[in-house]
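The data block below is coords39.tsv; it holds TSV, C-alpha atoms.
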chain	number	residue	atom	x	y	z
A	1	MET	CA	57.92	-108.35	54.69
A	2	ARG	CA	56.18	-111.52	55.71
A	3	ILE	CA	56.34	-113.19	59.08
A	4	SER	CA	56.23	-116.95	58.54
A	5	ALA	CA	53.93	-119.22	60.54
A	6	ARG	CA	57.10	-120.77	61.95
A	7	ALA	CA	58.34	-117.39	63.26
A	8	ASP	CA	54.90	-116.45	64.60
A	9	TYR	CA	54.61	-119.78	66.43
A	10	ALA	CA	58.15	-119.49	67.80
A	11	VAL	CA	57.52	-116.02	69.21
A	12	ARG	CA	54.21	-117.11	70.71
A	13	ALA	CA	55.85	-120.18	72.29
A	14	ALA	CA	58.66	-118.02	73.68
A	15	LEU	CA	56.09	-115.60	75.11
A	16	GLN	CA	54.27	-118.50	76.76
A	17	LEU	CA	57.57	-119.56	78.33
A	18	ALA	CA	58.28	-115.96	79.39
A	19	ALA	CA	54.89	-115.75	81.11
A	20	SER	CA	55.62	-118.91	83.10
A	21	GLN	CA	59.33	-118.32	83.67
A	22	ASP	CA	58.97	-118.66	87.46
A	23	ASP	CA	56.86	-121.85	87.27
A	24	GLY	CA	59.55	-124.24	86.06
A	25	PRO	CA	59.66	-126.18	82.78
A	26	VAL	CA	56.56	-126.15	80.57
A	27	LYS	CA	55.62	-129.16	78.48
A	28	ALA	CA	55.39	-128.69	74.72
A	29	GLU	CA	51.79	-129.95	74.81
A	30	ALA	CA	50.85	-127.19	77.27
A	31	ILE	CA	52.46	-124.52	75.06
A	32	ALA	CA	50.75	-125.95	71.97
A	33	ASP	CA	47.35	-125.99	73.69
A	34	ALA	CA	47.71	-122.50	75.19
A	35	GLN	CA	48.76	-120.92	71.88
A	36	ASP	CA	46.80	-123.14	69.47
A	37	ILE	CA	49.96	-124.34	67.71
A	38	PRO	CA	50.13	-127.77	66.06
A	39	HIS	CA	52.09	-129.91	68.54
A	40	LYS	CA	54.37	-131.70	66.06
A	41	PHE	CA	55.23	-128.41	64.33
A	42	LEU	CA	55.98	-126.85	67.72
A	43	GLU	CA	58.36	-129.67	68.66
A	44	GLY	CA	60.56	-128.85	65.66
A	45	ILE	CA	60.46	-125.14	66.49
A	46	LEU	CA	61.39	-125.78	70.12
A	47	ASN	CA	64.30	-127.97	68.98
A	48	ASP	CA	65.56	-125.13	66.76
A	49	MET	CA	65.20	-122.72	69.67
A	50	ARG	CA	67.11	-125.13	71.91
A	51	ARG	CA	69.92	-125.47	69.36
A	52	GLY	CA	69.92	-121.67	69.01
A	53	GLY	CA	70.42	-121.22	72.75
A	54	LEU	CA	67.07	-119.60	73.48
A	55	VAL	CA	65.44	-122.43	75.41
A	56	LEU	CA	66.57	-125.26	77.61
A	57	SER	CA	64.86	-128.63	77.71
A	58	GLN	CA	64.55	-131.00	80.62
A	59	ARG	CA	63.51	-134.63	80.31
A	60	GLY	CA	61.38	-136.58	82.73
A	61	GLY	CA	58.04	-136.30	84.46
A	62	ASN	CA	58.73	-132.75	85.59
A	63	GLY	CA	60.42	-131.92	82.30
A	64	GLY	CA	59.62	-129.47	79.61
A	65	TYR	CA	61.04	-126.25	78.23
A	66	ARG	CA	62.11	-122.97	79.77
A	67	LEU	CA	63.89	-119.89	78.51
A	68	ALA	CA	67.67	-120.12	78.60
A	69	LYS	CA	67.98	-116.44	79.60
A	70	PRO	CA	65.72	-113.85	81.22
A	71	ALA	CA	62.87	-112.73	78.95
A	72	GLY	CA	64.23	-109.18	79.08
A	73	SER	CA	67.42	-110.26	77.34
A	74	ILE	CA	65.78	-112.09	74.42
A	75	SER	CA	64.58	-109.89	71.57
A	76	ILE	CA	61.84	-110.79	69.16
A	77	ALA	CA	64.54	-110.64	66.46
A	78	ASP	CA	66.55	-113.30	68.32
A	79	VAL	CA	63.62	-115.69	68.11
A	80	VAL	CA	62.85	-114.97	64.45
A	81	ARG	CA	66.50	-115.36	63.42
A	82	VAL	CA	66.82	-118.73	65.18
A	83	VAL	CA	63.86	-120.25	63.35
A	84	ASP	CA	63.87	-118.36	60.03
A	85	GLY	CA	67.36	-116.93	59.51
A	86	PRO	CA	68.00	-113.32	58.47
A	87	LEU	CA	65.22	-110.82	59.17
A	88	VAL	CA	65.27	-109.35	55.66
A	89	SER	CA	66.47	-110.99	52.48
A	90	VAL	CA	65.72	-110.50	48.81
A	91	ARG	CA	65.28	-113.75	46.91
A	92	GLY	CA	67.07	-115.45	49.81
A	93	VAL	CA	70.09	-113.10	49.58
A	94	ARG	CA	71.07	-110.61	52.27
A	95	PRO	CA	70.86	-107.03	50.93
A	96	PRO	CA	74.61	-106.21	51.19
A	97	ASP	CA	75.32	-109.12	48.85
A	98	LEU	CA	73.09	-107.71	46.10
A	99	SER	CA	73.96	-105.37	43.28
A	100	TYR	CA	71.77	-103.55	40.80
A	101	THR	CA	72.45	-101.49	37.72
A	102	GLY	CA	70.79	-98.71	35.83
A	103	PRO	CA	67.47	-97.42	37.11
A	104	ALA	CA	67.36	-100.22	39.73
A	105	GLN	CA	70.51	-99.00	41.53
A	106	ALA	CA	68.50	-97.19	44.20
A	107	LEU	CA	66.87	-100.47	45.20
A	108	LEU	CA	69.89	-101.51	47.24
A	109	PRO	CA	69.78	-98.58	49.69
A	110	LEU	CA	66.00	-99.07	49.88
A	111	TRP	CA	66.40	-102.72	50.92
A	112	ILE	CA	69.16	-101.73	53.39
A	113	ALA	CA	66.89	-99.06	54.91
A	114	LEU	CA	64.06	-101.57	55.19
A	115	ARG	CA	66.37	-104.02	56.96
A	116	ALA	CA	67.61	-101.28	59.31
A	117	ASN	CA	64.04	-100.39	60.29
A	118	VAL	CA	63.01	-104.01	60.81
A	119	ARG	CA	66.10	-104.56	62.95
A	120	GLU	CA	65.43	-101.41	64.98
A	121	ILE	CA	61.95	-102.60	65.87
A	122	LEU	CA	62.49	-106.33	66.35
A	123	ASP	CA	65.87	-106.00	68.10
A	124	GLY	CA	64.42	-103.26	70.32
A	125	VAL	CA	61.50	-105.31	71.66
A	126	THR	CA	62.08	-108.13	74.14
A	127	LEU	CA	59.93	-111.05	75.16
A	128	ALA	CA	59.47	-109.29	78.52
A	129	ASP	CA	58.16	-106.16	76.75
A	130	VAL	CA	55.51	-108.10	74.87
A	131	ALA	CA	54.62	-110.44	77.74
A	132	SER	CA	54.02	-107.44	79.99
A	133	SER	CA	52.16	-105.50	77.25
A	134	ASP	CA	54.71	-102.71	77.67
A	135	LEU	CA	56.00	-102.05	74.17
A	136	PRO	CA	58.67	-99.37	73.70
A	137	ALA	CA	57.20	-95.92	73.06
A	138	GLY	CA	58.51	-95.78	69.49
A	139	VAL	CA	56.84	-99.08	68.60
A	140	SER	CA	53.56	-98.02	70.20
A	141	ALA	CA	53.72	-94.73	68.31
A	142	LEU	CA	54.17	-96.55	65.00
A	143	ALA	CA	51.21	-98.82	65.78
A	144	ASP	CA	49.11	-95.74	66.61
A	145	THR	CA	49.87	-94.00	63.30
A	146	PRO	CA	46.84	-93.31	61.13
A	147	GLY	CA	46.54	-96.09	58.60
A	148	ALA	CA	48.79	-98.54	60.48
A	149	TRP	CA	45.90	-100.97	60.96
A	150	THR	CA	44.44	-100.68	57.46
A	151	ASN	CA	45.51	-102.51	54.32
A	152	PRO	CA	46.04	-100.41	51.20

Kindly present the structure from the file in structure tokens form.
Amino acid sequence: MRISARADYAVRAALQLAASQDDGPVKAEAIADAQDIPHKFLEGILNDMRRGGLVLSQRGGNGGYRLAKPAGSISIADVVRVVDGPLVSVRGVRPPDLSYTGPAQALLPLWIALRANVREILDGVTLADVASSDLPAGVSALADTPGAWTNP
């Protein structure tokens, strides 16, 4: 599974908004500077997040962006889905819409299991969890597994 730059930037922008949730709207330029995200690229991402109901925008001198809901009610999966679509697809197709024959038949349950695990992790972690550095125990345990930080 690959996390696109767009999804990474969206999550980082949402985390920046979560960290300043009590400070009022945050300008896109401030988010871009704080997270080292290209400003123009971020504007498109924030527009997608606004259309997806994750952020609200306010115009004017005191304008900017803020989360549309509390950070504890927005999962990382919510953000990724808004900017990139389904969490797991194969050749752009959702796993339940695939079919295989012969020796490849067992691929379908493999892709479904992969999707279930990705969902379990990304749906189970909120912006508040990450912003407070308090990941769920199961996620922390996976990250602490021997070999988790090494590339085969």

Using only C-alpha atoms, I'd like a table of the residues in region 28-98 of chain A that come within 12 Å of region 129-132 of chain A; for each, show the closest atom pair and its distance in Å rounded to one decimal, ordered by chain and ascending number, as JSON lines.
{"residue": "A:Pro70", "atom": "CA", "partner": "A:Asp129", "partner_atom": "CA", "distance": 11.7}
{"residue": "A:Ala71", "atom": "CA", "partner": "A:Asp129", "partner_atom": "CA", "distance": 8.4}
{"residue": "A:Gly72", "atom": "CA", "partner": "A:Asp129", "partner_atom": "CA", "distance": 7.2}
{"residue": "A:Ser73", "atom": "CA", "partner": "A:Asp129", "partner_atom": "CA", "distance": 10.1}
{"residue": "A:Ile74", "atom": "CA", "partner": "A:Asp129", "partner_atom": "CA", "distance": 9.9}
{"residue": "A:Ser75", "atom": "CA", "partner": "A:Asp129", "partner_atom": "CA", "distance": 9.1}
{"residue": "A:Ile76", "atom": "CA", "partner": "A:Val130", "partner_atom": "CA", "distance": 8.9}

Task: Minimum-distance residue to Ala116 (chain A), chosen among A:Ile45, A:Leu15, A:Ser4, A:Pro95 (using all atoms listed in the file) - done: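 Smallest separation from Ala116 (chain A) among the options: A:Pro95.
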
Open item on the list: Within 10 Å of (67.3, -122.8, 67.7) (file coordinates; all atoms listed in the file), which protein or nucleic acid residues are there? I'd like them as JSON, numbers by chain.
Closed with: {"A": [10, 44, 45, 46, 47, 48, 49, 50, 51, 52, 53, 54, 55, 78, 79, 80, 81, 82, 83, 84]}

Open item on the list: Which residues are close to Ala113 (chain A), i.e. within 12 Å by all atoms listed in the file, leaving aside same-chain residues fewer than 6 positions away? Reply as a list in words.
Closed with: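 In the requested form, the answer reads Val88, Pro95, Pro96, Ala106, Leu107, Arg119 and Glu120 of chain A.
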
- [ ] Figure out the distance between CA of Leu17 (chain A) and CA of Ala30 (chain A), please, to one decimal in Å.
- [x]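 Between CA of Ala30 (chain A) and CA of Leu17 (chain A) the gap works out to 10.2 Å.
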
TODO: Give the answer as one residue: which of A:Ala34, A:Val93, A:Val26, A:Leu127 has the shortest atom-to-atom distance to Gln58 (chain A), using only C-alpha atoms?
DONE: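 Distance minimum relative to Gln58 (chain A) lands on A:Val26.
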
TODO: Counting all atoms listed in the file, figure out which residue out of A:Leu98, A:Ala77, A:Ala141, A:Ala104 gets nearest to Val125 (chain A).
DONE: A:Ala77
